[in-house]
>>> print(open('start_3.txt').read())   # compact mmCIF, C-alpha atoms
# COMPACT_ATOMS: atom_id res chain seq x y z
CA MET A 1 4.58 15.03 -6.25
CA ALA A 2 3.22 17.97 -8.19
CA GLY A 3 0.56 20.24 -6.80
CA LYS A 4 -0.31 22.06 -3.62
CA GLN A 5 -0.68 20.01 -0.44
CA ARG A 6 -4.38 19.90 0.39
CA ILE A 7 -4.49 18.89 4.08
CA SER A 8 -1.78 19.91 6.55
CA TYR A 9 0.33 17.75 8.86
CA VAL A 10 -0.48 17.95 12.55
CA PRO A 11 2.68 18.94 14.50
CA LEU A 12 4.03 16.40 16.98
CA ASP A 13 3.60 18.84 19.87
CA LYS A 14 -0.15 18.85 19.21
CA MET A 15 -0.40 15.09 19.63
CA THR A 16 -0.87 13.00 22.75
CA PRO A 17 2.08 10.93 24.03
CA GLU A 18 0.40 7.80 22.66
CA MET A 19 0.02 9.35 19.22
CA ARG A 20 3.63 10.52 19.26
CA ALA A 21 4.72 6.97 20.10
CA GLU A 22 2.86 5.71 17.04
CA MET A 23 4.47 8.45 14.94
CA GLU A 24 7.87 7.29 16.15
CA ARG A 25 6.97 3.74 15.14
CA CYS A 26 6.02 5.03 11.68
CA ALA A 27 9.37 6.80 11.36
CA ARG A 28 11.23 3.72 12.60
CA GLU A 29 9.34 0.98 10.74
CA GLY A 30 7.25 2.71 8.09
CA THR A 31 4.24 1.34 6.21
CA PRO A 32 2.67 3.74 6.84
CA ARG A 33 5.25 6.50 6.91
CA PRO A 34 4.75 9.51 9.25
CA GLU A 35 3.23 11.91 6.73
CA SER A 36 -0.09 10.14 6.16
CA THR A 37 -0.37 9.43 9.87
CA ALA A 38 0.18 13.13 10.64
CA VAL A 39 -2.71 14.00 8.32
CA ARG A 40 -5.05 11.55 10.05
CA ALA A 41 -4.02 13.08 13.39
CA HIS A 42 -6.45 15.97 12.76
CA VAL A 43 -9.07 13.52 14.08
CA PRO A 44 -7.70 11.18 16.76
CA ALA A 45 -10.46 8.66 16.05
CA CYS A 46 -9.30 8.51 12.41
CA PHE A 47 -5.66 8.30 13.53
CA TRP A 48 -6.36 5.27 15.72
CA PHE A 49 -8.88 3.70 13.36
CA PHE A 50 -6.21 3.32 10.73
CA ALA A 51 -3.27 2.61 13.04
CA ASN A 52 -5.10 -0.18 14.87
CA SER A 53 -6.76 -1.66 11.79
CA TRP A 54 -3.49 -1.63 9.86
CA ASN A 55 -1.65 -3.31 12.72
CA ASP A 56 -4.30 -6.00 13.20
CA ILE A 57 -5.16 -6.73 9.57
CA PHE A 58 -2.12 -5.82 7.47
CA ARG A 59 1.00 -6.17 9.60
CA ASN A 60 -0.38 -9.10 11.58
CA GLY A 61 -3.32 -11.46 11.18
CA ILE A 62 -3.78 -14.99 9.85
CA LEU A 63 -2.72 -14.59 6.21
CA ASP A 64 0.92 -14.55 5.15
CA HIS A 65 2.07 -10.95 5.07
CA ALA A 66 3.89 -11.13 1.73
CA ILE A 67 0.60 -11.73 -0.09
CA LYS A 68 -1.01 -8.74 1.61
CA GLU A 69 1.99 -6.59 0.69
CA LEU A 70 1.76 -7.56 -2.98
CA CYS A 71 -1.93 -6.67 -2.94
CA ARG A 72 -1.24 -3.35 -1.19
CA ILE A 73 1.21 -2.31 -3.89
CA TYR A 74 -1.12 -3.59 -6.61
CA VAL A 75 -3.69 -1.12 -5.27
CA SER A 76 -1.05 1.65 -5.32
CA ARG A 77 -0.25 0.96 -8.94
CA SER A 78 -3.96 0.82 -9.85
CA VAL A 79 -5.08 4.07 -8.20
CA VAL A 80 -1.67 5.75 -8.78
CA CYS A 81 -1.09 6.68 -5.14
CA GLU A 82 2.55 7.73 -5.30
CA PHE A 83 2.88 8.20 -1.55
CA CYS A 84 1.84 4.61 -0.87
CA GLY A 85 3.42 3.12 -3.98
CA ASN A 86 6.87 4.39 -3.04
CA GLN A 87 6.86 2.46 0.23
CA ARG A 88 7.75 -1.15 0.89
CA SER A 89 6.82 -3.20 3.92
CA ILE A 90 10.00 -4.26 5.71
CA LYS A 91 8.18 -7.36 6.91
CA GLY A 92 7.15 -8.06 3.33
CA GLN A 93 10.71 -7.75 2.08
CA ASN A 94 11.88 -10.08 4.82
CA ALA A 95 9.17 -12.52 3.73
CA GLY A 96 10.52 -12.59 0.18
CA VAL A 97 8.69 -9.87 -1.77
CA LYS A 98 11.07 -8.82 -4.55
CA GLU A 99 11.23 -5.64 -6.64
CA ALA A 100 11.06 -7.78 -9.77
CA GLN A 101 7.62 -8.96 -8.64
CA ILE A 102 6.48 -5.41 -7.95
CA ASP A 103 7.59 -4.30 -11.41
CA ASP A 104 5.31 -6.93 -12.96
CA LEU A 105 2.21 -6.42 -10.81
CA MET A 106 -0.05 -5.05 -13.52
CA ASN A 107 0.81 -8.07 -15.66
CA PHE A 108 0.52 -10.63 -12.89
CA GLU A 109 -1.65 -13.20 -14.69
CA LYS A 110 0.92 -13.68 -17.46
CA SER A 111 3.97 -13.25 -15.24
CA VAL A 112 6.26 -16.09 -14.17
CA LYS A 113 7.29 -14.16 -11.06
CA TYR A 114 4.35 -15.27 -8.90
CA ASP A 115 3.06 -18.62 -7.75
CA GLU A 116 -0.59 -19.60 -8.23
CA ARG A 117 -1.61 -18.56 -4.72
CA GLN A 118 -0.12 -15.10 -5.22
CA LYS A 119 -1.84 -14.77 -8.58
CA ALA A 120 -5.17 -15.72 -7.01
CA ALA A 121 -4.71 -13.05 -4.32
CA LEU A 122 -3.89 -10.44 -6.95
CA ALA A 123 -6.95 -11.49 -8.96
CA TYR A 124 -9.00 -10.88 -5.80
CA ALA A 125 -7.45 -7.41 -5.47
CA GLU A 126 -8.05 -6.75 -9.16
CA ALA A 127 -11.73 -7.66 -8.86
CA ILE A 128 -12.18 -5.35 -5.86
CA VAL A 129 -10.29 -2.39 -7.33
CA TRP A 130 -11.64 -2.58 -10.88
CA ARG A 131 -15.11 -3.89 -9.93
CA THR A 132 -14.88 -6.76 -12.40
CA GLU A 133 -17.51 -9.46 -12.65
CA THR A 134 -16.80 -12.63 -10.67
CA ASP A 135 -18.28 -16.01 -11.56
CA ASP A 136 -18.21 -19.50 -10.09
CA ALA A 137 -14.82 -20.20 -11.67
CA PHE A 138 -13.40 -17.12 -9.98
CA TRP A 139 -14.63 -18.21 -6.56
CA GLU A 140 -13.50 -21.80 -7.11
CA ARG A 141 -10.05 -20.35 -7.72
CA MET A 142 -10.22 -18.33 -4.51
CA TYR A 143 -11.30 -21.32 -2.41
CA LYS A 144 -8.61 -23.49 -3.94
CA HIS A 145 -5.96 -21.26 -2.37
CA PHE A 146 -7.60 -19.59 0.64
CA SER A 147 -9.86 -20.40 3.56
CA GLU A 148 -12.91 -18.25 4.29
CA PRO A 149 -11.16 -16.45 7.17
CA GLU A 150 -8.20 -15.72 4.88
CA LEU A 151 -10.52 -14.34 2.21
CA VAL A 152 -12.19 -12.13 4.80
CA GLU A 153 -8.90 -10.76 6.10
CA LEU A 154 -7.50 -10.21 2.62
CA GLY A 155 -10.70 -8.55 1.45
CA CYS A 156 -10.68 -6.21 4.44
CA ALA A 157 -6.99 -5.40 3.95
CA ILE A 158 -7.52 -4.64 0.27
CA GLY A 159 -10.63 -2.58 0.99
CA LEU A 160 -8.86 -0.59 3.67
CA THR A 161 -5.85 0.20 1.54
CA PHE A 162 -7.99 0.88 -1.55
CA GLY A 163 -10.05 3.46 0.31
CA GLN A 164 -7.12 5.13 2.01
CA GLN A 165 -4.91 5.23 -1.08
CA SER A 166 -7.73 6.59 -3.24
CA TRP A 167 -7.97 9.44 -0.73
CA LEU A 168 -4.27 10.02 -0.06
CA ARG A 169 -3.44 10.35 -3.76
CA MET A 170 -5.55 13.56 -3.80
CA LEU A 171 -3.69 15.28 -0.96
CA ASN A 172 -0.29 15.84 -2.61
CA ILE A 173 1.62 14.72 0.47
CA ASP A 174 5.08 13.27 0.04
CA HIS A 175 7.88 11.53 1.88
CA HIS A 176 10.71 13.05 3.96
CA GLN A 177 8.49 15.93 5.14
CA VAL A 178 7.55 14.74 8.64
CA MET A 179 10.16 13.30 11.01
CA PRO A 180 12.73 13.20 8.16
CA GLY A 181 16.07 11.47 8.28
CA THR A 182 14.94 7.86 8.07
CA ALA A 183 14.58 5.61 5.05
CA ALA A 184 12.43 3.05 6.87
CA SER A 185 10.20 1.19 4.40
CA MET A 186 11.09 3.43 1.46
CA ALA A 187 11.29 1.74 -1.93
CA PRO A 188 14.72 1.46 -3.58
CA GLY A 189 15.58 4.79 -5.16
CA PHE A 190 13.38 6.81 -2.81
CA GLU A 191 15.44 6.68 0.39
CA THR A 192 16.30 10.41 0.53
CA PRO A 193 14.65 13.61 -0.77
CA GLU A 194 17.30 13.81 -3.47
CA ALA A 195 16.87 10.20 -4.54
CA LEU A 196 13.09 10.59 -4.51
CA ALA A 197 13.23 13.64 -6.79
CA LYS A 198 15.60 11.88 -9.18
CA SER A 199 13.42 8.76 -9.37
CA LYS A 200 10.29 10.79 -10.01
CA ALA A 201 12.02 12.68 -12.82
CA ASP A 202 12.87 9.45 -14.61
CA PRO A 203 10.66 8.99 -17.72
CA ASN A 204 10.18 5.35 -16.68
CA TYR A 205 8.87 6.27 -13.21
CA TRP A 206 6.02 3.88 -12.50
CA ALA A 207 3.40 6.57 -11.80
CA LYS A 208 3.86 7.96 -15.30
CA GLN A 209 2.69 4.64 -16.74
CA LYS A 210 -1.11 4.72 -16.43
CA PRO A 211 -2.68 1.28 -15.92
CA ALA A 212 -5.40 0.16 -18.31
CA THR A 213 -8.89 -0.44 -16.94
CA LYS A 214 -9.62 -4.11 -16.35
CA LYS A 215 -12.69 -5.69 -17.90
CA ASN A 216 -13.04 -9.21 -16.54
CA ALA A 217 -11.94 -11.19 -13.53
CA ALA A 218 -10.05 -14.15 -14.95
>>> encode(input="start_3.txt", output="structure tokens")
Amino acid sequence: MAGKQRISYVPLDKMTPEMRAEMERCAREGTPRPESTAVRAHVPACFWFFANSWNDIFRNGILDHAIKELCRIYVSRSVVCEFCGNQRSIKGQNAGVKEAQIDDLMNFEKSVKYDERQKAALAYAEAIVWRTETDDAFWERMYKHFSEPELVELGCAIGLTFGQQSWLRMLNIDHHQVMPGTAASMAPGFETPEALAKSKADPNYWAKQKPATKKNAA
């Protein structure tokens, strides 16, 4: 990631034992990886706000995790948060999220790689991120595939990741800088510092392909 890092990482020896345990979980399981968590550690309340919310809403909850993971990466591709976009939820991968789906996220409505429920979730994410107009047909589509509690959880998960990724993209943080030596939750081709640098240098690197602004919620 080009540019000077804007907010420093808090060293592990400045954290409480409970915070260090969460950092170890980040290094072991990822999503989030340790770097963003070490930035939030400047304010313990912010550290735990995200850690607890992410655990309750994203990693767990009532809605199938694979759908939330697709929406998380859709947000990454939309706001061009490289730090977040180069991670993959292990739980999401185990639930069947494929790289071929991720490659087609910005074209999801026309893609054959998603079922109708996944497309509806991505349309929900699209409407939140791009602030598109939503009409009765849009909401009929949402209610066809999701209950009200599911829509609440998905909306909160999308809102949380949208806000955090919009912020993190400004900080110029990157992977393999805090608690290095693990590839937990890294996307294919980003597992090591060397692989990460090579992938980012590729002219087809996803972050070099700017998404077009959306106009309407289909």
>>> closest_residue(input="start_3.txt", among="A:Pro188, A:Gly61, A:Gly159, A:Gly181", to="Arg131 in chain A", atoms="all atoms listed in the file")
A:Gly159
>>> residues_around(input="start_3.txt", residues="Lys144 in chain A", least_positions_apart="4", cutoff="9 Å", atoms="all atoms listed in the file", output="list in words")
Arg117, Trp139 and Glu140 of chain A
>>> closest_atom_pairs(input="start_3.txt", of="range 62-149 of chain A", to="range 25-34 of chain A", cutoff="9 Å", atoms="all atoms listed in the file", output="CSV")
residue,atom,partner,partner_atom,distance
A:Phe83,CA,A:Arg33,CA,8.9
A:Cys84,CA,A:Pro32,CA,7.8
A:Gln87,CA,A:Thr31,CA,6.6
A:Arg88,CA,A:Thr31,CA,6.8
A:Ser89,CA,A:Thr31,CA,5.7
A:Ile90,CA,A:Glu29,CA,7.3
>>> closest_residue(input="start_3.txt", among="A:Asn86, A:Asn204, A:Asn107, A:Ser76", to="Ala187 in chain A", atoms="all atoms listed in the file")
A:Asn86
>>> atom_distance(input="start_3.txt", atom1="CA of Tyr205 in chain A", atom2="CA of Val80 in chain A")
11.4 Å
>>> build_atoms(input="start_3.txt", residues="range 186-213 of chain A", atoms="N, CA and C atoms", output="mmCIF file, in the coordinates of the input")
data_model
loop_
_atom_site.group_PDB
_atom_site.id
_atom_site.type_symbol
_atom_site.label_atom_id
_atom_site.label_comp_id
_atom_site.auth_asym_id
_atom_site.auth_seq_id
_atom_site.Cartn_x
_atom_site.Cartn_y
_atom_site.Cartn_z
ATOM 1 N N MET A 186 11.113 2.769 2.765
ATOM 2 C CA MET A 186 11.090 3.430 1.460
ATOM 3 C C MET A 186 11.527 2.448 0.369
ATOM 4 N N ALA A 187 10.913 2.577 -0.800
ATOM 5 C CA ALA A 187 11.290 1.740 -1.930
ATOM 6 C C ALA A 187 12.695 2.090 -2.401
ATOM 7 N N PRO A 188 13.391 1.153 -3.037
ATOM 8 C CA PRO A 188 14.720 1.460 -3.580
ATOM 9 C C PRO A 188 14.653 2.652 -4.531
ATOM 10 N N GLY A 189 15.567 3.608 -4.331
ATOM 11 C CA GLY A 189 15.580 4.790 -5.160
ATOM 12 C C GLY A 189 14.775 5.950 -4.614
ATOM 13 N N PHE A 190 14.196 5.761 -3.422
ATOM 14 C CA PHE A 190 13.380 6.810 -2.810
ATOM 15 C C PHE A 190 13.812 7.088 -1.368
ATOM 16 N N GLU A 191 15.009 6.665 -1.010
ATOM 17 C CA GLU A 191 15.440 6.680 0.390
ATOM 18 C C GLU A 191 15.713 8.069 0.949
ATOM 19 N N THR A 192 16.005 9.040 0.112
ATOM 20 C CA THR A 192 16.300 10.410 0.530
ATOM 21 C C THR A 192 15.495 11.369 -0.334
ATOM 22 N N PRO A 193 15.352 12.641 0.089
ATOM 23 C CA PRO A 193 14.650 13.610 -0.770
ATOM 24 C C PRO A 193 15.281 13.728 -2.148
ATOM 25 N N GLU A 194 16.613 13.691 -2.193
ATOM 26 C CA GLU A 194 17.300 13.810 -3.470
ATOM 27 C C GLU A 194 17.045 12.603 -4.364
ATOM 28 N N ALA A 195 17.122 11.422 -3.772
ATOM 29 C CA ALA A 195 16.870 10.200 -4.540
ATOM 30 C C ALA A 195 15.419 10.149 -5.011
ATOM 31 N N LEU A 196 14.499 10.566 -4.158
ATOM 32 C CA LEU A 196 13.090 10.590 -4.510
ATOM 33 C C LEU A 196 12.845 11.490 -5.722
ATOM 34 N N ALA A 197 13.412 12.696 -5.680
ATOM 35 C CA ALA A 197 13.230 13.640 -6.790
ATOM 36 C C ALA A 197 13.810 13.086 -8.081
ATOM 37 N N LYS A 198 14.967 12.451 -7.990
ATOM 38 C CA LYS A 198 15.600 11.880 -9.180
ATOM 39 C C LYS A 198 14.750 10.745 -9.760
ATOM 40 N N SER A 199 14.235 9.884 -8.903
ATOM 41 C CA SER A 199 13.420 8.760 -9.370
ATOM 42 C C SER A 199 12.132 9.242 -10.019
ATOM 43 N N LYS A 200 11.532 10.278 -9.444
ATOM 44 C CA LYS A 200 10.290 10.790 -10.010
ATOM 45 C C LYS A 200 10.503 11.494 -11.347
ATOM 46 N N ALA A 201 11.712 12.003 -11.560
ATOM 47 C CA ALA A 201 12.020 12.680 -12.820
ATOM 48 C C ALA A 201 12.327 11.701 -13.949
ATOM 49 N N ASP A 202 12.561 10.456 -13.607
ATOM 50 C CA ASP A 202 12.870 9.450 -14.610
ATOM 51 C C ASP A 202 11.648 9.215 -15.509
ATOM 52 N N PRO A 203 11.813 9.213 -16.832
ATOM 53 C CA PRO A 203 10.660 8.990 -17.720
ATOM 54 C C PRO A 203 10.017 7.615 -17.533
ATOM 55 N N ASN A 204 10.742 6.679 -16.930
ATOM 56 C CA ASN A 204 10.180 5.350 -16.680
ATOM 57 C C ASN A 204 9.585 5.194 -15.291
ATOM 58 N N TYR A 205 9.475 6.293 -14.551
ATOM 59 C CA TYR A 205 8.870 6.270 -13.210
ATOM 60 C C TYR A 205 7.491 5.635 -13.293
ATOM 61 N N TRP A 206 7.216 4.701 -12.391
ATOM 62 C CA TRP A 206 6.020 3.880 -12.500
ATOM 63 C C TRP A 206 4.721 4.681 -12.567
ATOM 64 N N ALA A 207 4.642 5.807 -11.842
ATOM 65 C CA ALA A 207 3.400 6.570 -11.800
ATOM 66 C C ALA A 207 3.098 7.293 -13.104
ATOM 67 N N LYS A 208 4.080 7.355 -13.993
ATOM 68 C CA LYS A 208 3.860 7.960 -15.300
ATOM 69 C C LYS A 208 3.271 6.955 -16.292
ATOM 70 N N GLN A 209 3.224 5.692 -15.882
ATOM 71 C CA GLN A 209 2.690 4.640 -16.740
ATOM 72 C C GLN A 209 1.289 4.322 -16.259
ATOM 73 N N LYS A 210 0.268 4.883 -16.875
ATOM 74 C CA LYS A 210 -1.110 4.720 -16.430
ATOM 75 C C LYS A 210 -1.608 3.293 -16.711
ATOM 76 N N PRO A 211 -2.155 2.633 -15.692
ATOM 77 C CA PRO A 211 -2.680 1.280 -15.920
ATOM 78 C C PRO A 211 -3.973 1.307 -16.747
ATOM 79 N N ALA A 212 -4.170 0.273 -17.525
ATOM 80 C CA ALA A 212 -5.400 0.160 -18.310
ATOM 81 C C ALA A 212 -6.518 -0.400 -17.450
ATOM 82 N N THR A 213 -7.736 0.054 -17.675
ATOM 83 C CA THR A 213 -8.890 -0.440 -16.940
ATOM 84 C C THR A 213 -9.109 -1.914 -17.229
#
